[in-house]
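Below is one structure, written out as structure tokens, with a few remarks after it.
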Amino acid sequence: MTSVRLVVSAFLAAAALSSPAFSAARPCNVIDKEARAAQTAGDLEKLIEIYTEAHDPASGCDELWLADFGRDVALGHVDRFFSRWDKDKNGPAHKPILEAGRQYGEPWQLLLTLAEVETELGNKEIAATYYQQAVRGMETASRSGDSDSAAAQNLPTPEKFQEIYTQMAEAALLAETFSPPAVSRGDETGGLFTESYRGYVVKEVPVPVQFQFDSVRFTAKGEQVAAYLLDYLVSANPPKIKLIGHTDPVGSDDFNYGLSLRRAEAVKYYLEEGGYHGDVEVEGLGESEPFEPIDPNQYDVDAKHQLDRRVELVRNPDS
């Protein structure tokens, strides 16, 4: 969590509100100047007050400026969260600060911090959703043409992003249910299905499809994930994919190899029946390649086995 704090602090130090469209009735440039001063002073209450004033139509503030301002108010909440966290290292106690910030905006820094707090609380389902939203926000910012913006300058390194991506995958694999993050019309799916980030390429996606015990029948969560995977593939339409089945180490090598292959084939059948028309290759690796968590010591045997049980997606495997 400290890494998020450093990124947020750097962002807040560099953030600058964009130039507004002026209005003779109530110049937004006056509001802009006051907001800059409040931001420099770290006065969150004043920022909230100015935010309310800026939404008066008489101010003449345009929608883009308001959205940027809302993002900065949300980041002010993240900064306050970490100022409290510094004193007691109790993230869950200060979660309401982050939740209050969401009404102003949802920058990736806020969503990532919420994901870490929910992980600490053991709420894997909620954490997985927040992680996906945060990852999508980072990916979008990394593709921005304005590489000199404060947001782009303070994005995580590719190495840190890879760690965050793995944390997201862990939460999704361990959650009892799966709730895809909301995506606005026209937005890319991103999140779990992120393809690349600042030179780092996601080669294998650990899709959290779950099956009934010793079976190729989906669990309720498995159905949710398979449907999400299908939606992504129909939308992105890669010409060829590879599905790799994995199992936990319980049982013989031969049995687990066969089971992992049959499960990969079950996902292939679901995708083809659902309307994905690309070439689908399948492979079963049984228990030979267990999932590698960030910190293996934090999980008991059952959790490690749950991480192992997955079907990995490889996009364009011949490239």
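Every chain in the structure tokens has a letter given in the order shown (A, B, ...), and although residue numbers restart at 1 in each chain, ligands are simply numbered from 1 in the order shown.
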
Surrounding residues of segment 279-290 of chain A excluding itself and chain neighbours under 4 positions, 10 Å, only C-alpha atoms, as a PyMOL selection string: chain A and resi 238-269+271-272+304-305+307-317

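Omitting Thr194 of chain A and its sequence neighbours fewer than 2 positions away, and counting only C-alpha atoms, the residues within 10 Å are Gln132, Val135, Arg136, Glu139, Tyr165, Glu188, Thr189, Gly190, Gly191, Leu192, Ser196, Tyr197, Val201, Val202, Lys203 and Val205 of chain A.
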
With N, CA and C atoms retained, export the selected residues as a short mmCIF file (atom, residue, chain, number, x, y, z; two decimals), in the first residue's frame.
```
data_model
loop_
_atom_site.label_atom_id
_atom_site.label_comp_id
_atom_site.auth_asym_id
_atom_site.auth_seq_id
_atom_site.Cartn_x
_atom_site.Cartn_y
_atom_site.Cartn_z
N GLN A 132 -9.47 -4.64 -11.21
CA GLN A 132 -9.69 -4.58 -12.66
C GLN A 132 -9.94 -3.14 -13.12
N VAL A 135 -6.57 -1.27 -12.96
CA VAL A 135 -5.68 -1.69 -14.05
C VAL A 135 -6.13 -1.08 -15.36
N ARG A 136 -7.43 -1.07 -15.58
CA ARG A 136 -7.93 -0.46 -16.82
C ARG A 136 -7.61 1.04 -16.85
N GLU A 139 -3.92 1.43 -17.70
CA GLU A 139 -3.71 1.11 -19.11
C GLU A 139 -4.15 2.28 -19.99
N TYR A 165 -0.99 -6.59 -11.50
CA TYR A 165 -1.78 -7.50 -12.33
C TYR A 165 -1.88 -8.87 -11.66
N GLU A 188 -12.83 -0.22 -23.96
CA GLU A 188 -12.21 -1.53 -24.05
C GLU A 188 -12.36 -2.26 -22.72
N THR A 189 -12.38 -3.59 -22.76
CA THR A 189 -12.60 -4.36 -21.55
C THR A 189 -11.46 -4.16 -20.56
N GLY A 190 -10.21 -4.31 -21.00
CA GLY A 190 -9.07 -4.09 -20.12
C GLY A 190 -9.12 -4.98 -18.89
N GLY A 191 -8.58 -4.48 -17.78
CA GLY A 191 -8.59 -5.24 -16.55
C GLY A 191 -7.90 -6.58 -16.70
N LEU A 192 -8.62 -7.65 -16.41
CA LEU A 192 -8.07 -9.00 -16.51
C LEU A 192 -7.56 -9.29 -17.92
N SER A 196 -1.34 -5.16 -22.95
CA SER A 196 0.02 -4.66 -22.75
C SER A 196 -0.04 -3.36 -21.94
N TYR A 197 1.11 -3.04 -21.38
CA TYR A 197 1.21 -1.82 -20.57
C TYR A 197 2.66 -1.35 -20.60
N VAL A 201 4.00 -7.05 -21.85
CA VAL A 201 2.94 -7.76 -22.57
C VAL A 201 2.40 -8.88 -21.69
N VAL A 202 1.09 -8.91 -21.52
CA VAL A 202 0.45 -9.98 -20.76
C VAL A 202 0.29 -11.17 -21.70
N LYS A 203 1.16 -12.15 -21.56
CA LYS A 203 1.17 -13.28 -22.50
C LYS A 203 0.12 -14.33 -22.15
N VAL A 205 -3.21 -15.09 -19.67
CA VAL A 205 -4.22 -14.54 -18.75
C VAL A 205 -4.77 -15.68 -17.90
#
```

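Of the residues listed (A:Thr113, A:Ser319, A:Asn90, A:Thr52), A:Thr113 shows the shortest atom-to-atom separation from Leu75 of chain A; distances use only C-alpha atoms.
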
When you look at Ala227 of chain A with a cut-off of 12 Å (counting only C-alpha atoms), what residues show up, excluding the ones that are within fewer than 4 positions of it in the same chain? I need them as number ranges by chain. A: 178-180, 207-209, 218, 220-223, 231-234, 267, 270-276

With DSSP run on the backbone, what are the helix (DSSP H, G or I) residues within segment 273-304 of chain A? I'd like them as a short mmCIF file (atom, residue, chain, number, x, y, z; two decimals) with N, CA and C atoms, in the first residue's frame.
```cif
data_model
loop_
_atom_site.label_atom_id
_atom_site.label_comp_id
_atom_site.auth_asym_id
_atom_site.auth_seq_id
_atom_site.Cartn_x
_atom_site.Cartn_y
_atom_site.Cartn_z
N GLU A 273 -19.65 -22.43 -29.17
CA GLU A 273 -21.11 -22.43 -29.17
C GLU A 273 -21.67 -21.03 -28.96
N GLY A 274 -20.91 -20.19 -28.23
CA GLY A 274 -21.38 -18.83 -27.93
C GLY A 274 -21.15 -17.82 -29.02
N PRO A 296 3.72 -16.34 -1.58
CA PRO A 296 3.15 -17.67 -1.33
C PRO A 296 2.88 -17.94 0.16
N ASN A 297 3.62 -17.27 1.03
CA ASN A 297 3.49 -17.54 2.47
C ASN A 297 2.17 -17.05 3.06
N GLN A 298 1.46 -16.19 2.33
CA GLN A 298 0.20 -15.67 2.88
C GLN A 298 -0.97 -16.62 2.68
N VAL A 301 -2.77 -24.18 2.21
CA VAL A 301 -2.73 -25.17 1.14
C VAL A 301 -3.97 -25.10 0.25
N ASP A 302 -5.15 -24.95 0.87
CA ASP A 302 -6.38 -24.90 0.08
C ASP A 302 -6.38 -23.72 -0.88
N ALA A 303 -5.93 -22.56 -0.40
CA ALA A 303 -5.90 -21.38 -1.25
C ALA A 303 -4.90 -21.57 -2.40
N LYS A 304 -3.75 -22.14 -2.10
CA LYS A 304 -2.76 -22.39 -3.16
C LYS A 304 -3.33 -23.31 -4.22
#
```

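For the choices A:Lys33, A:Glu120, A:Gly42, A:Asp68, the atom-to-atom distance to Ser83 of chain A is smallest for A:Gly42 when using only C-alpha atoms.
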
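Closest approach to Tyr299 of chain A among A:Ala171, A:Leu230, A:Ala54, A:Val225: A:Ala171, based on only C-alpha atoms.
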
Which neighbours of Ala67 of chain A fall inside 12 Å, counting only C-alpha atoms, when residues of the same chain fewer than 2 positions from it are skipped, and could you give them as an MDAnalysis selection string? chainID A and resid 17:18 20 51 54:55 61:65 69:74 103:107

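Among A:Ala236, A:Pro156, A:Ser215, A:Ile126, the residue with the shortest atom-to-atom distance to Tyr200 of chain A, counting only C-alpha atoms, is A:Pro156.
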
As an exercise, work out the distance from atom CA of Asp300 of chain A to atom CA of Ala134 of chain A in Å and give it to one decimal place. 27.1 Å

Restricting the calculation to only C-alpha atoms, which member of A:Arg198, A:Lys124, A:Lys95, A:Lys87 is positioned closest to Arg143 of chain A? A:Arg198

What's the 12 Å shell around Arg80 of chain A, counting only C-alpha atoms, without same-chain residues fewer than 6 positions away, as a tab-separated table (two decimals) with N, CA and C atoms, in the first residue's frame?
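Output contents, as saved in result-v6.tsv:
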```tsv
chain	number	residue	atom	x	y	z
A	5	ARG	N	0.69	5.02	-2.06
A	5	ARG	CA	0.77	6.30	-1.38
A	5	ARG	C	1.81	7.20	-2.04
A	8	VAL	N	0.46	8.48	-5.36
A	8	VAL	CA	-0.59	9.48	-5.17
A	8	VAL	C	0.00	10.80	-4.72
A	9	SER	N	0.96	10.77	-3.78
A	9	SER	CA	1.57	12.00	-3.30
A	9	SER	C	2.27	12.74	-4.43
A	12	LEU	N	-0.39	14.34	-6.67
A	12	LEU	CA	-0.99	15.53	-6.08
A	12	LEU	C	-0.04	16.71	-6.12
A	42	GLY	N	-3.54	21.78	0.60
A	42	GLY	CA	-4.05	20.50	1.08
A	42	GLY	C	-5.35	20.64	1.85
A	43	ASP	N	-6.15	21.63	1.49
A	43	ASP	CA	-7.41	21.92	2.19
A	43	ASP	C	-8.54	21.17	1.47
A	44	LEU	N	-8.81	19.94	1.89
A	44	LEU	CA	-9.81	19.12	1.21
A	44	LEU	C	-11.21	19.69	1.37
A	45	GLU	N	-11.54	20.19	2.56
A	45	GLU	CA	-12.87	20.76	2.78
A	45	GLU	C	-13.12	21.93	1.83
A	73	VAL	N	-10.20	16.15	-6.57
A	73	VAL	CA	-10.85	16.07	-5.26
A	73	VAL	C	-10.80	14.63	-4.75
A	74	ALA	N	-11.04	13.68	-5.65
A	74	ALA	CA	-10.95	12.27	-5.25
A	74	ALA	C	-9.54	11.92	-4.78
A	86	ASP	N	-0.76	6.50	7.85
A	86	ASP	CA	0.60	6.67	8.36
A	86	ASP	C	0.66	6.52	9.88
A	87	LYS	N	-0.40	6.91	10.55
A	87	LYS	CA	-0.39	6.95	12.02
A	87	LYS	C	-0.67	5.60	12.65
A	91	GLY	N	-5.77	0.32	7.42
A	91	GLY	CA	-6.50	0.72	6.23
A	91	GLY	C	-8.00	0.57	6.33
A	94	HIS	N	-10.05	3.42	7.83
A	94	HIS	CA	-10.15	4.67	7.09
A	94	HIS	C	-10.75	4.49	5.69
A	95	LYS	N	-11.31	3.32	5.44
A	95	LYS	CA	-11.94	3.06	4.14
A	95	LYS	C	-13.05	4.05	3.81
A	96	PRO	N	-13.86	4.52	4.79
A	96	PRO	CA	-14.91	5.49	4.43
A	96	PRO	C	-14.38	6.75	3.74
A	97	ILE	N	-13.15	7.13	4.01
A	97	ILE	CA	-12.57	8.29	3.33
A	97	ILE	C	-12.48	8.03	1.84
A	98	LEU	N	-12.02	6.84	1.48
A	98	LEU	CA	-11.90	6.47	0.07
A	98	LEU	C	-13.28	6.36	-0.58
A	100	ALA	N	-15.94	7.93	0.24
A	100	ALA	CA	-16.47	9.28	0.05
A	100	ALA	C	-15.85	9.93	-1.18
A	101	GLY	N	-14.60	9.63	-1.45
A	101	GLY	CA	-13.93	10.22	-2.60
A	101	GLY	C	-14.49	9.76	-3.93
A	110	LEU	N	-7.15	5.81	-6.45
A	110	LEU	CA	-8.18	5.55	-5.44
A	110	LEU	C	-8.68	4.11	-5.54
```
